[in-house]
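Trainee: Below you'll find structure12.tsv; it's TSV, C-alpha atoms.
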```
chain	number	residue	atom	x	y	z
U	1	MET	CA	-99.04	38.36	156.10
U	2	VAL	CA	-98.74	36.49	159.38
U	3	LEU	CA	-97.36	32.94	159.62
U	4	SER	CA	-97.71	30.70	162.68
U	5	VAL	CA	-94.45	28.80	163.25
U	6	ALA	CA	-94.35	25.87	165.68
U	7	VAL	CA	-90.84	25.62	167.13
U	8	MET	CA	-90.37	21.96	168.05
U	9	ARG	CA	-88.22	20.84	170.97
U	10	GLU	CA	-86.07	18.46	168.90
U	11	TYR	CA	-84.37	21.36	167.14
U	12	ASN	CA	-80.65	21.77	167.72
U	13	PRO	CA	-80.03	23.92	170.82
U	14	LEU	CA	-77.45	26.04	168.99
U	15	VAL	CA	-79.93	26.76	166.21
U	16	THR	CA	-82.62	27.57	168.80
U	17	HIS	CA	-80.29	30.03	170.50
U	18	HIS	CA	-79.56	31.66	167.14
U	19	VAL	CA	-83.27	31.94	166.32
U	20	ARG	CA	-83.95	33.39	169.78
U	21	GLY	CA	-81.35	36.11	169.20
U	22	LEU	CA	-82.62	36.99	165.74
U	23	LEU	CA	-86.26	37.12	166.86
U	24	ALA	CA	-85.35	39.31	169.83
U	25	THR	CA	-83.62	41.71	167.45
U	26	ILE	CA	-86.34	42.03	164.84
U	27	SER	CA	-89.49	41.88	166.94
U	28	ASP	CA	-91.56	45.00	167.54
U	29	ALA	CA	-92.48	43.98	171.08
U	30	PRO	CA	-90.42	42.08	173.65
U	31	PHE	CA	-91.22	38.42	174.07
U	32	VAL	CA	-89.60	35.37	175.59
U	33	LEU	CA	-88.78	32.22	173.60
U	34	PRO	CA	-89.01	29.20	175.90
U	35	THR	CA	-85.95	27.18	176.75
U	36	VAL	CA	-85.18	23.69	175.46
U	37	GLU	CA	-86.09	22.13	178.81
U	38	SER	CA	-89.68	23.36	178.78
U	39	GLU	CA	-92.36	20.70	178.34
U	40	GLN	CA	-94.70	22.64	176.03
U	41	TRP	CA	-93.70	24.93	173.19
U	42	PRO	CA	-96.24	27.59	172.24
U	43	CYS	CA	-96.64	28.84	168.74
U	44	ILE	CA	-95.15	32.22	167.93
U	45	SER	CA	-96.73	34.47	165.36
U	46	VAL	CA	-94.27	36.60	163.45
U	47	LYS	CA	-94.33	38.34	160.15
U	48	TYR	CA	-93.55	36.21	157.11
U	49	SER	CA	-90.65	38.36	156.00
U	50	TYR	CA	-89.03	38.06	159.42
U	51	VAL	CA	-89.37	34.27	159.42
U	52	LYS	CA	-87.86	34.06	155.94
U	53	HIS	CA	-84.96	36.22	157.08
U	54	VAL	CA	-84.38	33.96	160.07
U	55	MET	CA	-84.51	30.71	158.09
U	56	ASP	CA	-82.12	32.05	155.46
U	57	ASN	CA	-79.55	32.77	158.15
U	58	VAL	CA	-79.82	29.45	160.01
U	59	SER	CA	-77.57	26.69	158.66
U	60	VAL	CA	-77.27	23.01	159.53
U	61	ILE	CA	-74.18	22.42	161.67
U	62	MET	CA	-74.84	18.86	162.86
U	63	PHE	CA	-76.40	15.75	161.37
U	64	THR	CA	-78.15	12.99	163.31
U	65	LEU	CA	-77.43	9.37	162.32
U	66	SER	CA	-80.40	7.19	163.26
U	67	GLY	CA	-79.07	3.81	162.11
U	68	LEU	CA	-78.03	2.74	165.63
U	69	SER	CA	-81.27	3.62	167.39
U	70	GLU	CA	-82.21	-0.05	167.92
U	71	THR	CA	-78.83	-1.38	169.11
U	72	THR	CA	-78.99	-0.28	172.74
U	73	HIS	CA	-79.00	-3.73	174.34
U	74	TYR	CA	-76.11	-5.34	172.45
U	75	ARG	CA	-73.76	-2.50	171.56
U	76	VAL	CA	-70.83	-4.07	173.43
U	77	ILE	CA	-71.12	-7.30	171.43
U	78	LEU	CA	-71.51	-5.34	168.20
U	79	PHE	CA	-68.49	-3.22	169.11
U	80	ALA	CA	-66.35	-6.33	169.70
U	81	LEU	CA	-67.43	-7.93	166.40
U	82	THR	CA	-66.87	-4.70	164.47
U	83	LEU	CA	-63.42	-4.22	166.00
U	84	LEU	CA	-62.56	-7.82	165.09
U	85	CYS	CA	-63.68	-7.30	161.48
U	86	TYR	CA	-61.72	-4.06	161.20
U	87	SER	CA	-58.62	-5.78	162.60
U	88	VAL	CA	-58.98	-8.60	160.06
U	89	ILE	CA	-59.33	-6.04	157.25
U	90	TRP	CA	-56.08	-4.38	158.32
U	91	LEU	CA	-54.31	-7.73	158.72
U	92	VAL	CA	-55.16	-9.24	155.33
U	93	ASN	CA	-54.71	-6.03	153.33
U	94	LEU	CA	-51.50	-5.03	155.07
U	95	THR	CA	-50.10	-8.54	154.51
U	96	ILE	CA	-50.65	-8.25	150.74
U	97	ILE	CA	-49.27	-4.70	150.63
U	98	VAL	CA	-46.08	-5.49	152.59
U	99	THR	CA	-45.52	-8.72	150.65
U	100	ILE	CA	-45.72	-6.95	147.29
U	101	ILE	CA	-43.49	-4.07	148.44
U	102	MET	CA	-40.83	-6.29	150.00
U	103	ASP	CA	-40.60	-8.90	147.22
U	104	LYS	CA	-38.97	-7.43	144.11
U	105	LYS	CA	-40.27	-10.33	142.02
U	106	LEU	CA	-43.77	-8.97	142.55
U	107	HIS	CA	-42.96	-5.52	141.16
U	108	GLU	CA	-45.05	-6.17	138.07
U	109	PRO	CA	-48.14	-4.30	136.82
U	110	MET	CA	-50.72	-6.83	138.01
U	111	TYR	CA	-49.31	-6.96	141.55
U	112	ILE	CA	-48.83	-3.20	141.73
U	113	PHE	CA	-52.50	-2.72	140.81
U	114	LEU	CA	-53.40	-5.28	143.48
U	115	CYS	CA	-51.31	-3.39	146.03
U	116	ASN	CA	-53.19	-0.18	145.23
U	117	LEU	CA	-56.48	-2.06	145.49
U	118	CYS	CA	-55.58	-3.14	149.03
U	119	ILE	CA	-54.46	0.38	149.93
U	120	ASN	CA	-57.79	1.67	148.67
U	121	GLY	CA	-59.56	-0.91	150.85
U	122	LEU	CA	-57.81	0.47	153.94
U	123	TYR	CA	-58.54	4.04	152.84
U	124	GLY	CA	-62.26	3.42	152.35
U	125	THR	CA	-62.78	1.50	155.59
U	126	ALA	CA	-60.89	4.20	157.52
U	127	GLY	CA	-63.69	6.58	156.59
U	128	PHE	CA	-66.30	4.41	158.28
U	129	TYR	CA	-65.10	2.05	161.02
U	130	PRO	CA	-63.46	4.51	163.47
U	131	LYS	CA	-66.57	6.72	163.54
U	132	PHE	CA	-68.86	3.68	163.72
U	133	LEU	CA	-66.91	2.23	166.66
U	134	MET	CA	-67.14	5.55	168.52
U	135	ASP	CA	-70.89	5.74	167.86
U	136	LEU	CA	-71.36	2.26	169.34
U	137	LEU	CA	-69.91	3.51	172.63
U	138	SER	CA	-71.68	6.88	172.57
U	139	PRO	CA	-75.27	7.60	173.65
U	140	THR	CA	-75.64	10.23	170.92
U	141	HIS	CA	-75.03	9.58	167.24
U	142	VAL	CA	-74.27	12.90	165.60
U	143	ILE	CA	-71.69	14.07	163.09
U	144	SER	CA	-70.64	17.57	162.16
U	145	TYR	CA	-71.50	19.06	158.79
U	146	ALA	CA	-67.87	19.08	157.64
U	147	GLY	CA	-67.30	15.59	159.04
U	148	CYS	CA	-70.33	14.26	157.18
U	149	LEU	CA	-69.14	15.70	153.88
U	150	LEU	CA	-65.65	14.29	154.50
U	151	GLN	CA	-67.00	10.83	155.30
U	152	GLY	CA	-69.17	10.86	152.19
U	153	PHE	CA	-66.19	11.95	150.09
U	154	VAL	CA	-63.95	9.16	151.44
U	155	LEU	CA	-66.55	6.42	150.95
U	156	HIS	CA	-67.57	7.54	147.47
U	157	SER	CA	-64.00	8.13	146.24
U	158	SER	CA	-62.92	4.73	147.57
U	159	ALA	CA	-65.74	2.98	145.71
U	160	ALA	CA	-64.91	4.89	142.53
U	161	ALA	CA	-61.19	4.11	142.85
U	162	ASP	CA	-62.10	0.41	143.17
U	163	PHE	CA	-63.68	0.53	139.73
U	164	SER	CA	-60.73	2.42	138.23
U	165	LEU	CA	-58.20	-0.09	139.58
U	166	LEU	CA	-60.30	-3.07	138.51
U	167	VAL	CA	-60.46	-1.62	134.99
U	168	LEU	CA	-56.67	-1.29	134.92
U	169	MET	CA	-56.30	-4.88	136.09
U	170	ALA	CA	-58.66	-6.04	133.35
U	171	TYR	CA	-56.68	-4.08	130.73
U	172	ASP	CA	-53.44	-5.57	132.05
U	173	ARG	CA	-54.80	-9.12	131.70
U	174	TYR	CA	-56.11	-8.32	128.22
U	175	VAL	CA	-52.68	-7.18	127.02
U	176	ALA	CA	-50.85	-10.03	128.79
U	177	ILE	CA	-53.02	-12.78	127.29
U	178	CYS	CA	-54.20	-11.38	123.95
U	179	ARG	CA	-51.07	-9.40	123.03
U	180	PRO	CA	-48.19	-11.07	124.90
U	181	LEU	CA	-45.50	-9.99	122.41
U	182	VAL	CA	-46.05	-6.27	123.08
U	183	TYR	CA	-46.89	-6.58	126.80
U	184	HIS	CA	-43.58	-5.20	128.14
U	185	SER	CA	-43.55	-2.38	125.60
U	186	VAL	CA	-47.10	-1.38	126.49
U	187	MET	CA	-46.96	-1.79	130.28
U	188	THR	CA	-43.75	0.13	130.92
U	189	LYS	CA	-42.88	1.59	134.32
U	190	GLN	CA	-43.59	5.14	133.15
U	191	ARG	CA	-46.97	4.19	131.71
U	192	LEU	CA	-47.75	2.15	134.82
U	193	CYS	CA	-47.11	5.20	137.03
U	194	VAL	CA	-49.40	7.30	134.81
U	195	PHE	CA	-52.15	4.66	135.01
U	196	VAL	CA	-51.97	4.45	138.79
U	197	PHE	CA	-51.86	8.25	139.15
U	198	PHE	CA	-55.01	8.77	137.10
U	199	ALA	CA	-56.72	5.80	138.75
U	200	TRP	CA	-56.59	7.83	141.98
U	201	LEU	CA	-56.88	11.35	140.54
U	202	ILE	CA	-60.03	10.90	138.43
U	203	PRO	CA	-62.19	9.41	141.22
U	204	PHE	CA	-60.97	12.07	143.66
U	205	PHE	CA	-61.77	14.86	141.20
U	206	LEU	CA	-65.22	13.56	140.23
U	207	ILE	CA	-66.30	12.90	143.81
U	208	LEU	CA	-64.86	16.25	144.92
U	209	MET	CA	-67.04	18.02	142.36
U	210	SER	CA	-70.09	16.13	143.62
U	211	THR	CA	-69.22	16.95	147.24
U	212	VAL	CA	-68.74	20.64	146.46
U	213	THR	CA	-72.15	20.87	144.79
U	214	THR	CA	-73.70	19.15	147.81
U	215	ALA	CA	-71.91	21.52	150.20
U	216	THR	CA	-73.20	24.61	148.39
U	217	SER	CA	-76.84	23.54	148.73
U	218	ARG	CA	-78.98	25.07	151.49
U	219	LEU	CA	-80.39	22.25	153.60
U	220	CYS	CA	-83.81	22.01	155.21
U	221	GLY	CA	-83.12	18.98	157.37
U	222	SER	CA	-80.48	17.31	159.52
U	223	HIS	CA	-81.64	13.69	159.87
U	224	ILE	CA	-79.79	10.89	158.04
U	225	PRO	CA	-81.51	7.46	158.30
U	226	LYS	CA	-78.24	5.54	158.02
U	227	ILE	CA	-75.11	4.66	159.99
U	228	PHE	CA	-72.86	6.76	157.74
U	229	CYS	CA	-73.14	9.79	155.49
U	230	VAL	CA	-73.97	9.51	151.81
U	231	ASN	CA	-73.97	12.44	149.40
U	232	TRP	CA	-77.30	11.40	147.92
U	233	LEU	CA	-79.01	11.48	151.32
U	234	ILE	CA	-77.51	14.90	152.06
U	235	SER	CA	-78.62	16.32	148.71
U	236	ARG	CA	-82.15	14.99	149.36
U	237	MET	CA	-82.39	17.41	152.30
U	238	ALA	CA	-81.72	20.41	150.06
U	239	CYS	CA	-84.46	23.01	150.14
U	240	SER	CA	-84.39	23.21	146.35
U	241	ALA	CA	-82.72	21.00	143.75
U	242	SER	CA	-80.07	22.55	141.52
U	243	VAL	CA	-78.93	21.47	138.08
U	244	ALA	CA	-75.42	20.67	139.34
U	245	THR	CA	-76.65	18.26	142.04
U	246	ILE	CA	-78.46	16.29	139.32
U	247	VAL	CA	-76.04	16.49	136.38
U	248	ILE	CA	-72.76	15.72	138.20
U	249	PRO	CA	-73.95	12.53	139.98
U	250	ALA	CA	-75.60	11.37	136.76
U	251	PHE	CA	-72.32	11.85	134.90
U	252	ASN	CA	-70.41	9.97	137.61
U	253	TYR	CA	-72.81	7.01	137.48
U	254	THR	CA	-72.63	6.92	133.69
U	255	PHE	CA	-68.85	7.17	133.73
U	256	TYR	CA	-68.39	4.20	136.08
U	257	PHE	CA	-71.11	2.22	134.37
U	258	GLY	CA	-68.87	2.54	131.32
U	259	HIS	CA	-66.08	1.02	133.42
U	260	CYS	CA	-68.25	-2.04	134.09
U	261	VAL	CA	-69.12	-2.36	130.39
U	262	PHE	CA	-65.44	-2.23	129.45
U	263	VAL	CA	-64.51	-4.92	131.97
U	264	CYS	CA	-67.34	-7.18	130.82
U	265	TRP	CA	-66.32	-6.74	127.18
U	266	SER	CA	-62.66	-7.46	127.97
U	267	TYR	CA	-63.54	-10.67	129.80
U	268	ILE	CA	-65.82	-11.87	127.01
U	269	TYR	CA	-62.97	-11.27	124.58
U	270	LEU	CA	-60.48	-12.98	126.92
U	271	ILE	CA	-62.65	-16.08	127.27
U	272	ARG	CA	-63.04	-16.36	123.50
U	273	THR	CA	-59.29	-16.02	123.04
U	274	CYS	CA	-58.30	-18.40	125.82
U	275	ARG	CA	-60.53	-21.20	124.52
U	276	LYS	CA	-58.16	-21.60	121.57
U	277	SER	CA	-55.09	-22.35	123.72
U	278	LYS	CA	-54.56	-24.45	126.84
U	279	GLU	CA	-51.70	-22.19	127.93
U	280	ASN	CA	-53.84	-19.09	127.71
U	281	MET	CA	-56.66	-20.85	129.53
U	282	SER	CA	-54.32	-21.73	132.40
U	283	LYS	CA	-53.23	-18.09	132.57
U	284	PHE	CA	-56.85	-17.01	132.60
U	285	MET	CA	-57.75	-19.38	135.42
U	286	GLN	CA	-54.70	-18.38	137.43
U	287	THR	CA	-54.84	-14.58	137.17
U	288	CYS	CA	-58.23	-13.56	135.77
U	289	VAL	CA	-60.57	-15.64	137.93
U	290	PRO	CA	-59.57	-13.82	141.17
U	291	HIS	CA	-60.01	-10.50	139.42
U	292	LEU	CA	-63.41	-11.57	138.10
U	293	PHE	CA	-64.52	-12.59	141.59
U	294	SER	CA	-63.34	-9.24	142.98
U	295	LEU	CA	-65.27	-7.37	140.31
U	296	ILE	CA	-68.45	-9.34	140.98
U	297	ILE	CA	-68.16	-8.78	144.74
U	298	VAL	CA	-67.57	-5.02	144.41
U	299	VAL	CA	-70.30	-4.45	141.82
U	300	ALA	CA	-72.86	-6.61	143.63
U	301	SER	CA	-72.18	-4.97	147.01
U	302	LEU	CA	-72.35	-1.40	145.71
U	303	LEU	CA	-75.31	-2.02	143.42
U	304	PHE	CA	-77.26	-3.74	146.17
U	305	ASP	CA	-76.72	-0.85	148.61
U	306	LEU	CA	-77.43	1.74	145.91
U	307	LEU	CA	-80.69	0.18	144.77
U	308	TYR	CA	-81.92	-0.52	148.28
U	309	MET	CA	-81.16	3.02	149.43
U	310	ARG	CA	-83.31	4.42	146.62
U	311	PHE	CA	-86.04	1.83	146.11
U	312	GLY	CA	-85.87	-0.56	149.09
U	313	SER	CA	-88.61	-1.07	151.62
U	314	LYS	CA	-88.33	0.83	154.90
U	315	ASP	CA	-90.32	-1.86	156.72
U	316	LEU	CA	-87.25	-4.04	157.21
U	317	PRO	CA	-85.73	-4.09	160.72
U	318	GLN	CA	-83.08	-1.46	161.29
U	319	ASN	CA	-80.44	-4.10	162.01
U	320	VAL	CA	-81.01	-5.71	158.61
U	321	GLN	CA	-80.75	-2.32	156.92
U	322	ASN	CA	-77.47	-1.64	158.73
U	323	LEU	CA	-76.04	-4.99	157.63
U	324	MET	CA	-76.95	-4.32	154.00
U	325	ALA	CA	-75.45	-0.82	154.22
U	326	MET	CA	-72.18	-2.23	155.62
U	327	GLU	CA	-71.90	-4.92	152.97
U	328	PHE	CA	-69.60	-3.05	150.59
U	329	LEU	CA	-67.44	-1.94	153.54
U	330	LEU	CA	-67.15	-5.45	154.95
U	331	ILE	CA	-67.07	-8.10	152.21
U	332	PRO	CA	-64.77	-6.64	149.49
U	333	PRO	CA	-61.99	-5.42	151.87
U	334	ILE	CA	-61.77	-8.90	153.44
U	335	VAL	CA	-62.52	-11.18	150.50
U	336	ASN	CA	-60.36	-9.49	147.84
U	337	PRO	CA	-57.00	-9.97	149.63
U	338	LEU	CA	-57.95	-13.51	150.61
U	339	ILE	CA	-58.86	-14.43	147.03
U	340	TYR	CA	-55.62	-13.06	145.61
U	341	GLY	CA	-53.51	-14.38	148.48
U	342	LEU	CA	-54.86	-17.92	148.06
U	343	LYS	CA	-55.17	-18.05	144.26
U	344	LEU	CA	-52.05	-16.24	143.00
U	345	THR	CA	-49.10	-18.60	143.42
U	346	HIS	CA	-46.39	-15.93	143.61
U	347	ILE	CA	-48.10	-14.05	146.44
U	348	ARG	CA	-48.91	-17.23	148.32
U	349	ASN	CA	-45.32	-18.45	148.05
U	350	SER	CA	-43.94	-15.07	149.13
U	351	ILE	CA	-46.16	-15.03	152.22
U	352	GLN	CA	-45.10	-18.57	153.09
U	353	ILE	CA	-41.43	-17.66	152.70
U	354	VAL	CA	-41.82	-14.66	155.02
U	355	ILE	CA	-43.62	-16.77	157.63
U	356	CYS	CA	-41.07	-19.58	157.40
U	357	ASN	CA	-38.16	-17.12	157.70
U	358	ARG	CA	-39.69	-15.64	160.85
U	359	ASP	CA	-40.20	-19.10	162.33
U	360	SER	CA	-36.61	-20.11	161.54
U	361	GLN	CA	-35.24	-16.88	162.98
U	362	GLY	CA	-37.31	-17.42	166.13
U	363	GLY	CA	-35.93	-20.96	166.46
U	364	LEU	CA	-32.35	-19.76	166.07
U	365	GLN	CA	-32.86	-17.09	168.74
U	366	LYS	CA	-34.23	-19.69	171.15
U	367	ARG	CA	-31.22	-21.93	170.50
U	368	THR	CA	-28.76	-19.12	171.18
U	369	PHE	CA	-30.42	-18.44	174.51
```
Transcribe the structure of this file into structure tokens.

Mentor:
Amino acid sequence: MVLSVAVMREYNPLVTHHVRGLLATISDAPFVLPTVESEQWPCISVKYSYVKHVMDNVSVIMFTLSGLSETTHYRVILFALTLLCYSVIWLVNLTIIVTIIMDKKLHEPMYIFLCNLCINGLYGTAGFYPKFLMDLLSPTHVISYAGCLLQGFVLHSSAAADFSLLVLMAYDRYVAICRPLVYHSVMTKQRLCVFVFFAWLIPFFLILMSTVTTATSRLCGSHIPKIFCVNWLISRMACSASVATIVIPAFNYTFYFGHCVFVCWSYIYLIRTCRKSKENMSKFMQTCVPHLFSLIIVVASLLFDLLYMRFGSKDLPQNVQNLMAMEFLLIPPIVNPLIYGLKLTHIRNSIQIVICNRDSQGGLQKRTF
């Protein structure tokens, strides 16, 4: 059986070199495979078994990210805006983290969960912004196979950890408002450490399993129509679908959908309970409203990107698609610390005290000079 294979010029040069070597080894008669620089590529007729052997031994080593193909004329402006946003993300999250660590009065479960939420915001954005900033200054937008899997793991695990931490914060508010007499016996330091440990471990383990199943799949493509790597887009390029690549993501989605159901139930119960007491209602407005806003922002951003990636129209301009893809990496990391910093009185007062102390110390130093 003879198969005519058209070798296109957009193939990776390293893969082309590998194919050239394999074909030179297995062919019955000598032939010359044209170089990448040639203008026209002829078709090469080889035996089907030889082609199958070649394709089984060629693996994808680089991915092409096509999300920045239409940003040639204003990359410098986009780079400056992106760098500014990333700097703001670091500033607001680091302010909350340092404030909670330095102030011993804030070493309580709710603030410790908030500190981990800000740390997770820095962790997730670190998987995207440095690579995105480099791509804005580079004429080629490629990422290695290992780098793509790593980026997908960081982004997915950060989103999953967000849900885990938000669930813990909802449980903490439930116990504090609905069962205040047993709050300190339930939320002990040992139990708090266990909660935080599993809030990081479970997302890492689940996403690692999904990444491993994606990595073991043989791919038949190397083009990602996005500005960052996503496991679902990588698994779509698999030559054949496996049971693991379907079951594990389905379990992960179901598991974190259960998180959302639990949070919604807890807030419905909290609202019913707080309506009976003005004191409980003030607690709810003070501590639960920021958490509720954070949950809505995270869920809306992730759900919007998830649904658009699977069912959205491809006719939208590429810039609009990029903005929608960046939404969950831009809005929650900036808005969450601002909401908590402005709404929670203890954090706001601690930040003001730190700023005032620095100003007073600066004034004293100027007087001494």

Trainee: Within 10 Å of U:Tyr129, counting all atoms listed in the file, which residues qualify if same-chain residues fewer than 5 places away don't, as a PDB file with C-alpha atoms, in the frame of the given file?

Mentor:
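Saved result, out.pdb, follows:
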```
ATOM      1  CA  THR U  82     -66.870  -4.700 164.470  1.00  0.00           C
ATOM      2  CA  LEU U  83     -63.420  -4.220 166.000  1.00  0.00           C
ATOM      3  CA  CYS U  85     -63.680  -7.300 161.480  1.00  0.00           C
ATOM      4  CA  TYR U  86     -61.720  -4.060 161.200  1.00  0.00           C
ATOM      5  CA  GLY U 124     -62.260   3.420 152.350  1.00  0.00           C
ATOM      6  CA  MET U 134     -67.140   5.550 168.520  1.00  0.00           C
ATOM      7  CA  ASP U 135     -70.890   5.740 167.860  1.00  0.00           C
ATOM      8  CA  PHE U 228     -72.860   6.760 157.740  1.00  0.00           C
ATOM      9  CA  MET U 326     -72.180  -2.230 155.620  1.00  0.00           C
ATOM     10  CA  LEU U 329     -67.440  -1.940 153.540  1.00  0.00           C
ATOM     11  CA  LEU U 330     -67.150  -5.450 154.950  1.00  0.00           C
TER      12      LEU U 330
END
```

Trainee: Which residues come within 8 Å of stretch 147-162 of chain U, counting only C-alpha atoms, excluding same-chain residues fewer than 6 positions away, as a ChimeraX atom specification?

Mentor: /U:63,117,120-121,123-125,127-128,199-200,203-204,207-208,211,215,228-231,256,298,302

Trainee: Go ahead and compute the interatomic distance for atom CA of U:Phe255 and atom CA of U:Tyr267, in Å to one decimal.

Mentor: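 Atom CA of U:Phe255 sits 19.0 Å away from atom CA of U:Tyr267.
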
Trainee: Set the distance at 9 Å and use only C-alpha atoms: which residues neighbour U:Cys118 once local chain neighbours fewer than 6 positions away are removed? I'd like the list as a list in words.

Mentor: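 Residues meeting the cut-off are Val92, Asn93, Leu94, Ile96, Ile97, Pro333, Asn336 and Pro337 of chain U.
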
Trainee: From the set U:Pro290, U:Val354, U:Cys239, U:His346, which residue has the shortest atom-to-atom contact distance to U:Lys105, counting only C-alpha atoms?

Mentor: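 Nearest candidate to U:Lys105 out of U:Pro290, U:Val354, U:Cys239, U:His346: U:His346.
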
Trainee: Give the answer as one residue: which of U:Pro139, U:Asn319, U:Ile119, U:Ile177 has the shortest atom-to-atom distance to U:Lys278, using all atoms listed in the file?

Mentor: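 Under the stated criterion, the closest residue is U:Ile177.
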
Trainee: Go through U:Ala241, U:Ile351, U:Val335, U:Ala300 and flag the residue nearest U:Thr216, using only C-alpha atoms for the distances.

Mentor: U:Ala241

Trainee: Take atom CA of U:His291 and atom CA of U:Pro249 and report the distance between them in Å, one decimal.

Mentor: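 Calculated distance between atom CA of U:His291 and atom CA of U:Pro249 is 26.9 Å.
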
Trainee: Can you tell me which residues surround stretch 179-184 of chain U at a distance of at most 12 Å, considering all atoms listed in the file, apart from same-chain residues fewer than 4 positions away, and format the answer as number ranges by chain?

Mentor: U: 108-110, 171-175, 188-192, 270, 273-274, 280, 283
